[in-house]
>>> print(open('protein.txt').read())   # compact mmCIF, C-alpha atoms
# COMPACT_ATOMS: atom_id res chain seq x y z
CA MET Z 1 82.29 217.29 -47.81
CA ALA Z 2 83.28 218.34 -44.30
CA ILE Z 3 86.28 216.03 -44.42
CA LYS Z 4 87.36 217.43 -47.77
CA ALA Z 5 86.97 221.00 -46.54
CA SER Z 6 88.99 220.17 -43.43
CA PHE Z 7 91.76 218.58 -45.48
CA SER Z 8 91.80 221.58 -47.83
CA LYS Z 9 92.31 223.87 -44.84
CA GLN Z 10 95.18 221.69 -43.66
CA ILE Z 11 96.87 221.97 -47.04
CA ASP Z 12 96.44 225.75 -47.02
CA ALA Z 13 97.91 225.96 -43.53
CA LEU Z 14 100.90 223.83 -44.51
CA ILE Z 15 101.54 225.93 -47.61
CA ALA Z 16 101.47 229.02 -45.40
CA ASP Z 17 104.09 227.32 -43.19
CA LEU Z 18 106.44 227.10 -46.18
CA GLY Z 19 107.13 230.77 -45.50
CA ALA Z 20 107.76 230.25 -41.77
CA VAL Z 21 110.80 231.91 -40.22
CA SER Z 22 111.64 228.69 -38.37
CA PRO Z 23 113.47 226.21 -40.63
CA ALA Z 24 112.02 223.36 -38.57
CA THR Z 25 108.46 224.55 -39.21
CA GLN Z 26 109.18 224.98 -42.91
CA GLU Z 27 110.75 221.51 -43.24
CA ALA Z 28 107.89 219.93 -41.33
CA ALA Z 29 105.48 221.54 -43.81
CA VAL Z 30 107.51 220.22 -46.74
CA ALA Z 31 107.44 216.72 -45.25
CA ARG Z 32 103.70 216.73 -44.56
CA LEU Z 33 102.86 218.18 -47.97
CA THR Z 34 105.02 215.50 -49.58
CA VAL Z 35 103.00 212.87 -47.75
CA ALA Z 36 99.79 214.57 -48.96
CA GLY Z 37 101.21 214.02 -52.44
CA THR Z 38 99.10 214.56 -55.52
CA ARG Z 39 96.28 216.20 -53.57
CA ALA Z 40 98.54 219.18 -52.82
CA VAL Z 41 100.11 219.57 -56.26
CA GLU Z 42 97.88 222.24 -57.77
CA ARG Z 43 98.18 224.54 -54.77
CA LEU Z 44 101.91 223.96 -54.54
CA ILE Z 45 102.29 224.95 -58.19
CA ALA Z 46 100.36 228.13 -57.47
CA ALA Z 47 102.50 228.83 -54.40
CA ALA Z 48 105.72 228.28 -56.34
CA ALA Z 49 104.66 230.69 -59.07
CA SER Z 50 103.30 233.57 -56.97
CA GLY Z 51 104.24 235.83 -54.11
CA ASN Z 52 107.40 237.62 -53.11
CA ASP Z 53 108.73 235.18 -50.50
CA VAL Z 54 111.59 233.45 -52.30
CA ALA Z 55 112.18 230.94 -49.50
CA ALA Z 56 108.52 229.85 -49.47
CA ARG Z 57 108.42 229.52 -53.25
CA ALA Z 58 111.66 227.53 -53.29
CA ALA Z 59 110.23 225.23 -50.59
CA ALA Z 60 107.14 224.71 -52.76
CA TRP Z 61 109.35 223.68 -55.69
CA ARG Z 62 111.31 221.30 -53.44
CA THR Z 63 108.07 219.71 -52.32
CA LEU Z 64 106.96 219.29 -55.92
CA GLU Z 65 110.29 217.64 -56.69
CA ALA Z 66 109.73 215.16 -53.88
CA ILE Z 67 106.18 214.37 -55.01
CA GLY Z 68 107.24 213.91 -58.64
CA ASP Z 69 103.84 214.62 -60.18
CA GLU Z 70 103.79 215.18 -63.95
CA ARG Z 71 101.66 218.33 -63.55
CA ALA Z 72 104.64 220.20 -62.13
CA ARG Z 73 106.87 219.55 -65.16
CA GLU Z 74 105.61 222.28 -67.48
CA PRO Z 75 105.39 225.00 -64.78
CA ALA Z 76 108.97 224.18 -63.79
CA LEU Z 77 110.16 224.42 -67.39
CA GLN Z 78 108.36 227.74 -67.81
CA ALA Z 79 110.05 229.02 -64.66
CA LEU Z 80 113.44 227.98 -66.02
CA ALA Z 81 112.75 229.94 -69.19
CA ASP Z 82 112.31 233.15 -67.18
CA LEU Z 83 115.66 234.93 -67.40
CA ASP Z 84 114.67 237.31 -64.60
CA LEU Z 85 113.75 234.58 -62.12
CA ASP Z 86 115.64 234.62 -58.83
CA GLN Z 87 118.44 232.07 -59.08
CA THR Z 88 117.32 230.27 -55.91
CA LEU Z 89 113.97 229.63 -57.54
CA ALA Z 90 115.56 228.64 -60.83
CA VAL Z 91 117.75 226.08 -59.06
CA ALA Z 92 114.69 224.68 -57.26
CA ALA Z 93 112.73 224.52 -60.53
CA ALA Z 94 115.63 222.62 -62.11
CA GLY Z 95 115.24 220.06 -59.34
CA VAL Z 96 111.63 219.52 -60.41
CA ALA Z 97 112.67 219.22 -64.05
CA ARG Z 98 115.29 216.65 -63.09
CA VAL Z 99 112.58 214.27 -61.88
CA HIS Z 100 111.05 214.23 -65.37
CA VAL Z 101 114.07 213.96 -67.70
CA ARG Z 102 113.69 210.18 -67.90
CA GLY Z 103 109.89 210.22 -67.96
CA PRO Z 104 107.45 209.86 -70.87
CA HIS Z 105 107.74 213.58 -71.66
CA GLY Z 106 111.41 213.86 -70.85
CA ALA Z 107 112.41 215.40 -74.19
CA SER Z 108 110.98 218.80 -73.26
CA ALA Z 109 112.73 218.74 -69.90
CA VAL Z 110 116.04 217.78 -71.51
CA ASP Z 111 115.69 220.53 -74.13
CA ARG Z 112 114.97 223.22 -71.54
CA LEU Z 113 117.72 222.11 -69.17
CA THR Z 114 120.21 221.94 -72.03
CA ALA Z 115 119.28 225.47 -73.12
CA VAL Z 116 119.85 226.71 -69.57
CA LEU Z 117 123.15 224.88 -69.27
CA LEU Z 118 124.53 226.22 -72.54
CA ASP Z 119 123.47 229.82 -71.89
CA PRO Z 120 126.54 231.67 -70.56
CA THR Z 121 124.38 234.58 -69.43
CA ARG Z 122 122.66 232.47 -66.77
CA ALA Z 123 124.06 232.35 -63.23
CA ASP Z 124 126.55 229.57 -62.59
CA ALA Z 125 124.36 228.14 -59.83
CA VAL Z 126 121.46 227.75 -62.24
CA ARG Z 127 123.62 226.24 -64.97
CA LEU Z 128 125.13 223.78 -62.50
CA ALA Z 129 121.65 222.76 -61.35
CA ALA Z 130 120.73 222.10 -64.98
CA LEU Z 131 123.91 220.08 -65.50
CA ARG Z 132 123.27 217.94 -62.44
CA ALA Z 133 119.74 217.31 -63.63
CA LEU Z 134 121.04 216.22 -67.04
CA ARG Z 135 123.55 213.88 -65.43
CA THR Z 136 120.67 211.58 -64.57
CA LEU Z 137 120.71 210.61 -68.26
CA ASP Z 138 122.89 207.81 -69.57
CA PRO Z 139 126.54 208.88 -70.06
CA ALA Z 140 126.39 208.36 -73.81
CA THR Z 141 123.43 210.71 -74.06
CA ILE Z 142 125.01 213.54 -72.15
CA ALA Z 143 128.55 213.14 -73.55
CA PRO Z 144 128.04 215.53 -76.53
CA ILE Z 145 126.65 218.20 -74.19
CA LEU Z 146 129.63 217.86 -71.87
CA ALA Z 147 132.02 218.05 -74.82
CA SER Z 148 130.44 221.32 -75.93
CA LEU Z 149 131.32 222.87 -72.55
CA ALA Z 150 135.07 222.38 -72.99
CA GLY Z 151 135.50 226.03 -74.00
CA ASP Z 152 132.81 227.50 -71.75
CA PRO Z 153 133.67 230.94 -70.34
CA SER Z 154 132.76 229.79 -66.80
CA ALA Z 155 135.58 227.96 -65.05
CA THR Z 156 133.06 226.59 -62.57
CA VAL Z 157 130.91 225.05 -65.27
CA ARG Z 158 133.96 223.68 -67.09
CA ALA Z 159 135.17 222.04 -63.89
CA GLU Z 160 131.78 220.47 -63.19
CA ALA Z 161 131.48 219.19 -66.75
CA ASP Z 162 135.01 217.79 -66.79
CA LEU Z 163 135.00 214.04 -66.17
CA ARG Z 164 138.08 214.13 -64.02
CA ASP Z 165 137.99 210.42 -63.29
CA GLY Z 166 137.67 209.56 -66.99
CA SER Z 167 134.77 207.23 -66.20
CA THR Z 168 132.93 207.70 -69.48
CA ALA Z 169 136.11 207.26 -71.54
CA ARG Z 170 136.82 203.94 -69.85
CA GLY Z 171 133.24 202.76 -70.21
CA VAL Z 172 132.72 202.85 -66.44
CA ASP Z 173 129.37 204.18 -65.25
CA ARG Z 174 129.24 207.39 -63.28
CA PRO Z 175 128.00 207.02 -59.67
CA ALA Z 176 124.69 208.78 -60.41
CA THR Z 177 124.07 206.37 -63.28
CA VAL Z 178 124.66 203.40 -60.98
CA VAL Z 179 122.12 204.74 -58.49
CA ILE Z 180 119.49 205.64 -61.08
CA ARG Z 181 119.78 202.26 -62.77
CA ALA Z 182 119.42 200.54 -59.38
CA ALA Z 183 116.25 202.52 -58.69
CA GLU Z 184 114.67 202.10 -62.11
CA ARG Z 185 115.83 198.65 -63.26
CA GLY Z 186 116.91 196.70 -60.21
CA LEU Z 187 119.69 196.53 -57.64
CA PRO Z 188 123.22 195.50 -58.61
CA ASP Z 189 124.75 192.39 -57.10
CA ASP Z 190 127.38 194.41 -55.23
CA PRO Z 191 125.98 196.42 -52.26
CA VAL Z 192 129.37 198.01 -51.62
CA ALA Z 193 129.45 199.55 -55.11
CA LEU Z 194 125.92 200.85 -54.62
CA ARG Z 195 126.81 202.37 -51.25
CA GLN Z 196 129.86 204.10 -52.71
CA ALA Z 197 127.80 205.43 -55.63
CA LEU Z 198 125.20 206.80 -53.21
CA SER Z 199 127.87 208.51 -51.14
CA ARG Z 200 129.36 210.17 -54.21
CA SER Z 201 126.21 211.13 -56.08
CA GLY Z 202 123.29 211.40 -53.67
CA GLY Z 203 122.99 215.11 -54.36
CA ALA Z 204 122.46 214.51 -58.09
CA VAL Z 205 119.76 211.84 -57.91
CA PRO Z 206 116.05 212.76 -57.84
CA LEU Z 207 114.51 212.36 -54.38
CA PRO Z 208 111.85 209.83 -55.47
CA LEU Z 209 114.59 207.58 -56.85
CA LEU Z 210 116.52 207.73 -53.58
CA LEU Z 211 113.34 206.69 -51.78
CA ARG Z 212 112.96 203.82 -54.24
CA ILE Z 213 116.50 202.72 -53.43
CA VAL Z 214 115.60 202.61 -49.73
CA GLU Z 215 112.58 200.45 -50.48
CA ARG Z 216 114.39 198.13 -52.90
CA VAL Z 217 117.34 197.61 -50.58
CA ARG Z 218 115.06 196.93 -47.64
CA GLU Z 219 113.42 194.13 -49.62
CA ARG Z 220 116.84 192.73 -50.57
CA GLU Z 221 117.97 192.77 -46.93
CA ALA Z 222 114.99 190.63 -45.94
CA SER Z 223 116.01 187.86 -48.36
CA ALA Z 224 119.80 188.21 -48.18
CA ALA Z 225 122.01 185.61 -46.53
CA ALA Z 226 123.17 186.62 -43.08
CA ALA Z 227 126.76 187.00 -44.27
CA GLY Z 228 125.86 189.70 -46.82
CA ARG Z 229 122.96 191.39 -45.07
CA GLU Z 230 125.08 193.96 -43.25
CA GLU Z 231 126.45 195.40 -46.49
CA TRP Z 232 122.92 195.90 -47.81
CA THR Z 233 121.98 197.60 -44.53
CA LEU Z 234 124.92 199.96 -44.98
CA ALA Z 235 123.78 200.72 -48.54
CA ARG Z 236 120.29 201.59 -47.27
CA ALA Z 237 121.85 203.80 -44.60
CA ALA Z 238 123.80 205.65 -47.31
CA ALA Z 239 120.55 206.33 -49.16
CA HIS Z 240 119.07 207.72 -45.95
CA VAL Z 241 122.03 210.06 -45.52
CA ALA Z 242 121.70 211.24 -49.12
CA LEU Z 243 118.03 212.06 -48.52
CA ALA Z 244 118.76 213.76 -45.21
CA HIS Z 245 121.47 215.98 -46.67
CA ARG Z 246 118.84 217.17 -49.16
CA GLY Z 247 116.51 218.01 -46.26
CA SER Z 248 114.08 215.26 -47.27
CA ARG Z 249 111.91 213.40 -44.78
CA LEU Z 250 110.50 211.04 -47.41
CA ALA Z 251 112.01 207.94 -45.79
CA LEU Z 252 111.66 208.76 -42.10
CA TYR Z 253 109.04 206.02 -41.82
CA ASP Z 254 111.73 203.48 -42.73
CA LEU Z 255 114.11 204.74 -40.05
CA ARG Z 256 111.36 204.57 -37.42
CA GLU Z 257 110.39 201.04 -38.46
CA SER Z 258 114.03 199.94 -38.53
CA LEU Z 259 114.56 201.17 -34.98
CA ASP Z 260 111.43 199.34 -33.85
CA ALA Z 261 112.38 196.07 -35.55
CA SER Z 262 116.15 195.86 -35.09
CA ALA Z 263 117.60 193.74 -32.30
CA VAL Z 264 121.13 195.00 -33.03
CA PRO Z 265 122.58 198.51 -33.46
CA LEU Z 266 121.95 200.10 -36.84
CA PRO Z 267 124.73 201.78 -38.84
CA VAL Z 268 125.60 205.19 -37.46
CA GLU Z 269 124.55 206.73 -40.78
CA CYS Z 270 120.94 205.96 -39.83
CA LEU Z 271 121.30 208.07 -36.72
CA GLU Z 272 123.08 210.76 -38.72
CA ALA Z 273 120.03 210.94 -40.97
CA LEU Z 274 117.71 211.05 -37.96
CA SER Z 275 119.77 213.83 -36.42
CA LEU Z 276 119.58 215.85 -39.64
CA VAL Z 277 115.87 215.52 -40.44
CA GLY Z 278 114.18 213.53 -37.67
CA ASP Z 279 111.09 215.02 -36.06
CA ALA Z 280 108.91 214.38 -33.04
CA SER Z 281 107.42 211.27 -34.67
CA CYS Z 282 110.82 209.56 -34.39
CA LEU Z 283 111.38 210.08 -30.67
CA GLU Z 284 109.31 207.18 -29.36
CA ALA Z 285 111.16 204.74 -31.60
CA ILE Z 286 114.51 206.16 -30.46
CA ALA Z 287 113.51 205.97 -26.80
CA ALA Z 288 112.27 202.38 -27.15
CA ALA Z 289 115.51 201.36 -28.86
CA TYR Z 290 117.47 203.03 -26.05
CA ALA Z 291 115.46 201.15 -23.41
CA ARG Z 292 116.18 197.79 -25.12
CA ALA Z 293 119.86 198.47 -25.80
CA ARG Z 294 122.66 197.03 -23.69
CA ASP Z 295 125.47 198.39 -25.88
CA ALA Z 296 126.91 201.58 -24.34
CA TRP Z 297 128.01 202.97 -27.73
CA TRP Z 298 124.55 202.47 -29.22
CA ARG Z 299 122.80 203.97 -26.20
CA GLN Z 300 125.00 207.07 -26.33
CA HIS Z 301 124.32 207.68 -30.02
CA LEU Z 302 120.60 207.12 -29.58
CA ALA Z 303 120.59 209.66 -26.75
CA ASP Z 304 122.56 212.15 -28.86
CA ALA Z 305 120.09 211.78 -31.74
CA PHE Z 306 117.14 212.21 -29.34
CA ARG Z 307 118.62 215.41 -27.90
CA THR Z 308 119.48 216.82 -31.30
CA ILE Z 309 115.90 216.38 -32.51
CA VAL Z 310 114.44 217.85 -29.33
CA ALA Z 311 116.70 220.89 -29.63
CA ARG Z 312 116.02 221.44 -33.33
CA GLU Z 313 112.26 221.00 -33.01
CA LYS Z 314 112.20 223.09 -29.79
CA LEU Z 315 110.20 220.47 -27.92
CA THR Z 316 109.45 220.77 -24.21
CA ARG Z 317 108.45 218.28 -21.56
CA ARG Z 318 104.84 219.31 -22.20
CA HIS Z 319 104.86 218.03 -25.79
CA ALA Z 320 102.47 215.10 -26.29
CA VAL Z 321 105.19 212.76 -27.54
CA ILE Z 322 107.51 213.56 -24.64
CA ARG Z 323 104.66 212.99 -22.17
CA ARG Z 324 103.92 209.59 -23.73
CA ILE Z 325 107.56 208.57 -23.46
CA GLY Z 326 107.58 209.71 -19.83
CA LYS Z 327 104.60 207.49 -19.03
CA ARG Z 328 105.88 204.41 -20.88
CA LEU Z 329 109.61 204.73 -20.24
CA PRO Z 330 110.19 207.12 -17.33
CA GLN Z 331 113.79 206.08 -16.68
CA THR Z 332 114.67 206.29 -20.37
CA LEU Z 333 113.30 209.82 -20.56
CA LEU Z 334 115.38 210.81 -17.53
CA ASP Z 335 118.46 209.37 -19.22
CA VAL Z 336 118.01 210.85 -22.69
CA TRP Z 337 116.55 214.19 -21.63
CA SER Z 338 119.78 215.29 -19.97
CA GLY Z 339 121.07 218.09 -22.18
CA ALA Z 340 117.92 218.17 -24.32
CA GLY Z 341 116.95 221.64 -25.48
CA ARG Z 342 120.61 222.47 -25.92
CA SER Z 343 122.87 221.37 -28.75
CA GLY Z 344 123.74 218.10 -27.00
CA ARG Z 345 127.16 216.48 -26.91
CA SER Z 346 127.44 216.47 -30.66
CA GLY Z 347 125.75 218.17 -33.57
CA ARG Z 348 124.89 214.86 -35.19
CA ALA Z 349 124.93 211.19 -34.43
CA GLY Z 350 128.39 210.61 -35.80
CA GLY Z 351 130.00 212.97 -33.29
CA SER Z 352 133.63 213.56 -34.15
CA GLY Z 353 134.24 210.06 -35.44
CA SER Z 354 136.08 209.19 -38.57
CA GLY Z 355 133.00 209.35 -40.79
CA LYS Z 356 133.51 205.79 -42.02
CA SER Z 357 130.48 203.69 -42.78
CA GLY Z 358 129.12 201.58 -39.97
CA ARG Z 359 129.37 202.43 -36.31
CA ALA Z 360 130.99 205.68 -35.31
CA GLY Z 361 134.75 205.69 -35.41
CA GLY Z 362 134.77 202.13 -36.70
CA SER Z 363 138.15 200.66 -37.51
CA GLY Z 364 136.62 198.09 -39.83
CA LYS Z 365 133.66 198.21 -42.12
CA SER Z 366 131.25 198.36 -39.20
CA GLY Z 367 133.21 197.83 -36.01
CA ARG Z 368 133.87 200.16 -33.11
CA PRO Z 369 137.30 201.25 -31.87
CA GLY Z 370 139.11 198.40 -30.31
CA GLY Z 371 136.53 195.93 -31.64
>>> encode(input="protein.txt", output="structure tokens")
Amino acid sequence: MAIKASFSKQIDALIADLGAVSPATQEAAVARLTVAGTRAVERLIAAAASGNDVAARAAAWRTLEAIGDERAREPALQALADLDLDQTLAVAAAGVARVHVRGPHGASAVDRLTAVLLDPTRADAVRLAALRALRTLDPATIAPILASLAGDPSATVRAEADLRDGSTARGVDRPATVVIRAAERGLPDDPVALRQALSRSGGAVPLPLLLRIVERVREREASAAAAGREEWTLARAAAHVALAHRGSRLALYDLRESLDASAVPLPVECLEALSLVGDASCLEAIAAAYARARDAWWRQHLADAFRTIVAREKLTRRHAVIRRIGKRLPQTLLDVWSGAGRSGRSGRAGGSGSGKSGRAGGSGKSGRPGG
């Protein structure tokens, strides 16, 4: 009983942190509540439905989206039906509904999202959130809904609904469909196509499915021939970036484990993801990778990621993780700490490189300049 009471207090404290002024504190609470999973669902639903703090309530909905528990479906649909609901909250509730459109009770989610999408009195942001949620359905299913938007009074909604690349007409799957099918049915044979689909549609795919992509691709990498393994690694890195740009820490464990296990530099996208959402738990893995590395490019990007996390999380030399690194790897800490607490040399691991997949500024698919 004491353990249960203690855990309950932890959940309450984390839910209180959803309303923190510090974005880092709020995101850490979202991540830890996501890990708590189903045990936190009921209190998250209550937090999302009550109070005046819009940011805290939206964070609660985002956490429920990441957990993907069926209990959140009906509260999210009820929230979407509230015409007076703040649009930030409505958008977040649509994210929860999106997780369930392909589930056993998906019909109710599809009906509610369709009603929101087709209602011209709703804010464009809310309608677009509903549309992106519906795009997780097969193209043939959503085609009649898209066709009905051809004369919509909102130019923004018309533009979003317009299949500018003509993919459905040509029978070619939309990027989000490629990703969802890979998560739910199995990976395609072409890792490059999957990576491109992730880059184009990561913002429209439910977070749990992106996590499933990370896990599926990691398994494929382990069994892939050496010649094709790098492309699968790049696909997994693209999934990490998609999660990170959504503020999700669901797959941080995979980045930490990859740093610990890899004998060669990882794609720069992995460090981009770490720079965006990494927390104190990632620093020891980054420092250990730095200590092992002999590649100057890799060491610099590891140091930049370390400094970015330290600055964002406002960590000091007195933090327990920093002290452990100092004891185990004193020279590494001296090297990577330079500039920590400030913004660092670059805002994210990629610096000012070209943004291509693979190592920063790569002239090939994963090479460095002059490689």
>>> closest_residue(input="protein.txt", among="Z:Leu329, Z:Val336, Z:Ala94, Z:Ala66", to="Leu243 in chain Z", atoms="all atoms listed in the file")
Z:Ala66
>>> atom_distance(input="protein.txt", atom1="CA of Ile67 in chain Z", atom2="CA of Val214 in chain Z")
16.0 Å
>>> closest_residue(input="protein.txt", among="Z:Ser258, Z:Thr25, Z:Thr88, Z:Thr136", to="Lys314 in chain Z", atoms="only C-alpha atoms")
Z:Thr25
>>> residues_around(input="protein.txt", residues="Ile15 in chain Z", least_positions_apart="6", cutoff="12 Å", atoms="all atoms listed in the file", output="ChimeraX atom specification")
/Z:8-9,25-34,36,40-48,55-61,63-64
>>> write_last_selection(input="protein.txt", atoms="C-alpha atoms", output="compact mmCIF listing (two decimals), in the frame of the given file")
# COMPACT_ATOMS: atom_id res chain seq x y z
CA SER Z 8 91.80 221.58 -47.83
CA LYS Z 9 92.31 223.87 -44.84
CA THR Z 25 108.46 224.55 -39.21
CA GLN Z 26 109.18 224.98 -42.91
CA GLU Z 27 110.75 221.51 -43.24
CA ALA Z 28 107.89 219.93 -41.33
CA ALA Z 29 105.48 221.54 -43.81
CA VAL Z 30 107.51 220.22 -46.74
CA ALA Z 31 107.44 216.72 -45.25
CA ARG Z 32 103.70 216.73 -44.56
CA LEU Z 33 102.86 218.18 -47.97
CA THR Z 34 105.02 215.50 -49.58
CA ALA Z 36 99.79 214.57 -48.96
CA ALA Z 40 98.54 219.18 -52.82
CA VAL Z 41 100.11 219.57 -56.26
CA GLU Z 42 97.88 222.24 -57.77
CA ARG Z 43 98.18 224.54 -54.77
CA LEU Z 44 101.91 223.96 -54.54
CA ILE Z 45 102.29 224.95 -58.19
CA ALA Z 46 100.36 228.13 -57.47
CA ALA Z 47 102.50 228.83 -54.40
CA ALA Z 48 105.72 228.28 -56.34
CA ALA Z 55 112.18 230.94 -49.50
CA ALA Z 56 108.52 229.85 -49.47
CA ARG Z 57 108.42 229.52 -53.25
CA ALA Z 58 111.66 227.53 -53.29
CA ALA Z 59 110.23 225.23 -50.59
CA ALA Z 60 107.14 224.71 -52.76
CA TRP Z 61 109.35 223.68 -55.69
CA THR Z 63 108.07 219.71 -52.32
CA LEU Z 64 106.96 219.29 -55.92
>>> atom_distance(input="protein.txt", atom1="CA of Arg220 in chain Z", atom2="CA of Ala197 in chain Z")
17.5 Å
>>> atom_distance(input="protein.txt", atom1="CA of Pro144 in chain Z", atom2="CA of Glu184 in chain Z")
23.8 Å
>>> residues_around(input="protein.txt", residues="range 259-261 of chain Z", least_positions_apart="5", cutoff="8 Å", atoms="all atoms listed in the file", output="ChimeraX atom specification")
/Z:266,285-286,288-289
>>> closest_residue(input="protein.txt", among="Z:Ile142, Z:Pro267, Z:Asp254, Z:Ala49", to="Glu230 in chain Z", atoms="only C-alpha atoms")
Z:Pro267
>>> residues_around(input="protein.txt", residues="Val264 in chain Z", least_positions_apart="5", cutoff="10 Å", atoms="all atoms listed in the file", output="JSON, numbers by chain")
{"Z": [259, 289, 292, 293, 294, 295, 298]}
>>> residues_around(input="protein.txt", residues="range 118-133 of chain Z", least_positions_apart="3", cutoff="6 Å", atoms="only C-alpha atoms", output="PDB file with C-alpha atoms, in the coordinates of the input")
ATOM      1  CA  VAL Z  91     117.750 226.080 -59.060  1.00  0.00           C
ATOM      2  CA  ALA Z  94     115.630 222.620 -62.110  1.00  0.00           C
ATOM      3  CA  ARG Z  98     115.290 216.650 -63.090  1.00  0.00           C
ATOM      4  CA  LEU Z 113     117.720 222.110 -69.170  1.00  0.00           C
ATOM      5  CA  ALA Z 115     119.280 225.470 -73.120  1.00  0.00           C
ATOM      6  CA  THR Z 136     120.670 211.580 -64.570  1.00  0.00           C
ATOM      7  CA  ALA Z 204     122.460 214.510 -58.090  1.00  0.00           C
TER       8      ALA Z 204
END
>>> residues_around(input="protein.txt", residues="Gly203 in chain Z", least_positions_apart="5", cutoff="12 Å", atoms="only C-alpha atoms", output="list of chain:residue names")
Z:Gly95, Z:Arg98, Z:Ala129, Z:Arg132, Z:Ala133, Z:Arg135, Z:Thr136, Z:Pro175, Z:Ala176, Z:Val179, Z:Ala197, Z:Leu198, Z:Leu209, Z:Leu210, Z:Ala238, Z:Ala239, Z:His240, Z:Val241, Z:Ala242, Z:Leu243, Z:Ala244, Z:His245, Z:Arg246, Z:Gly247, Z:Ser248
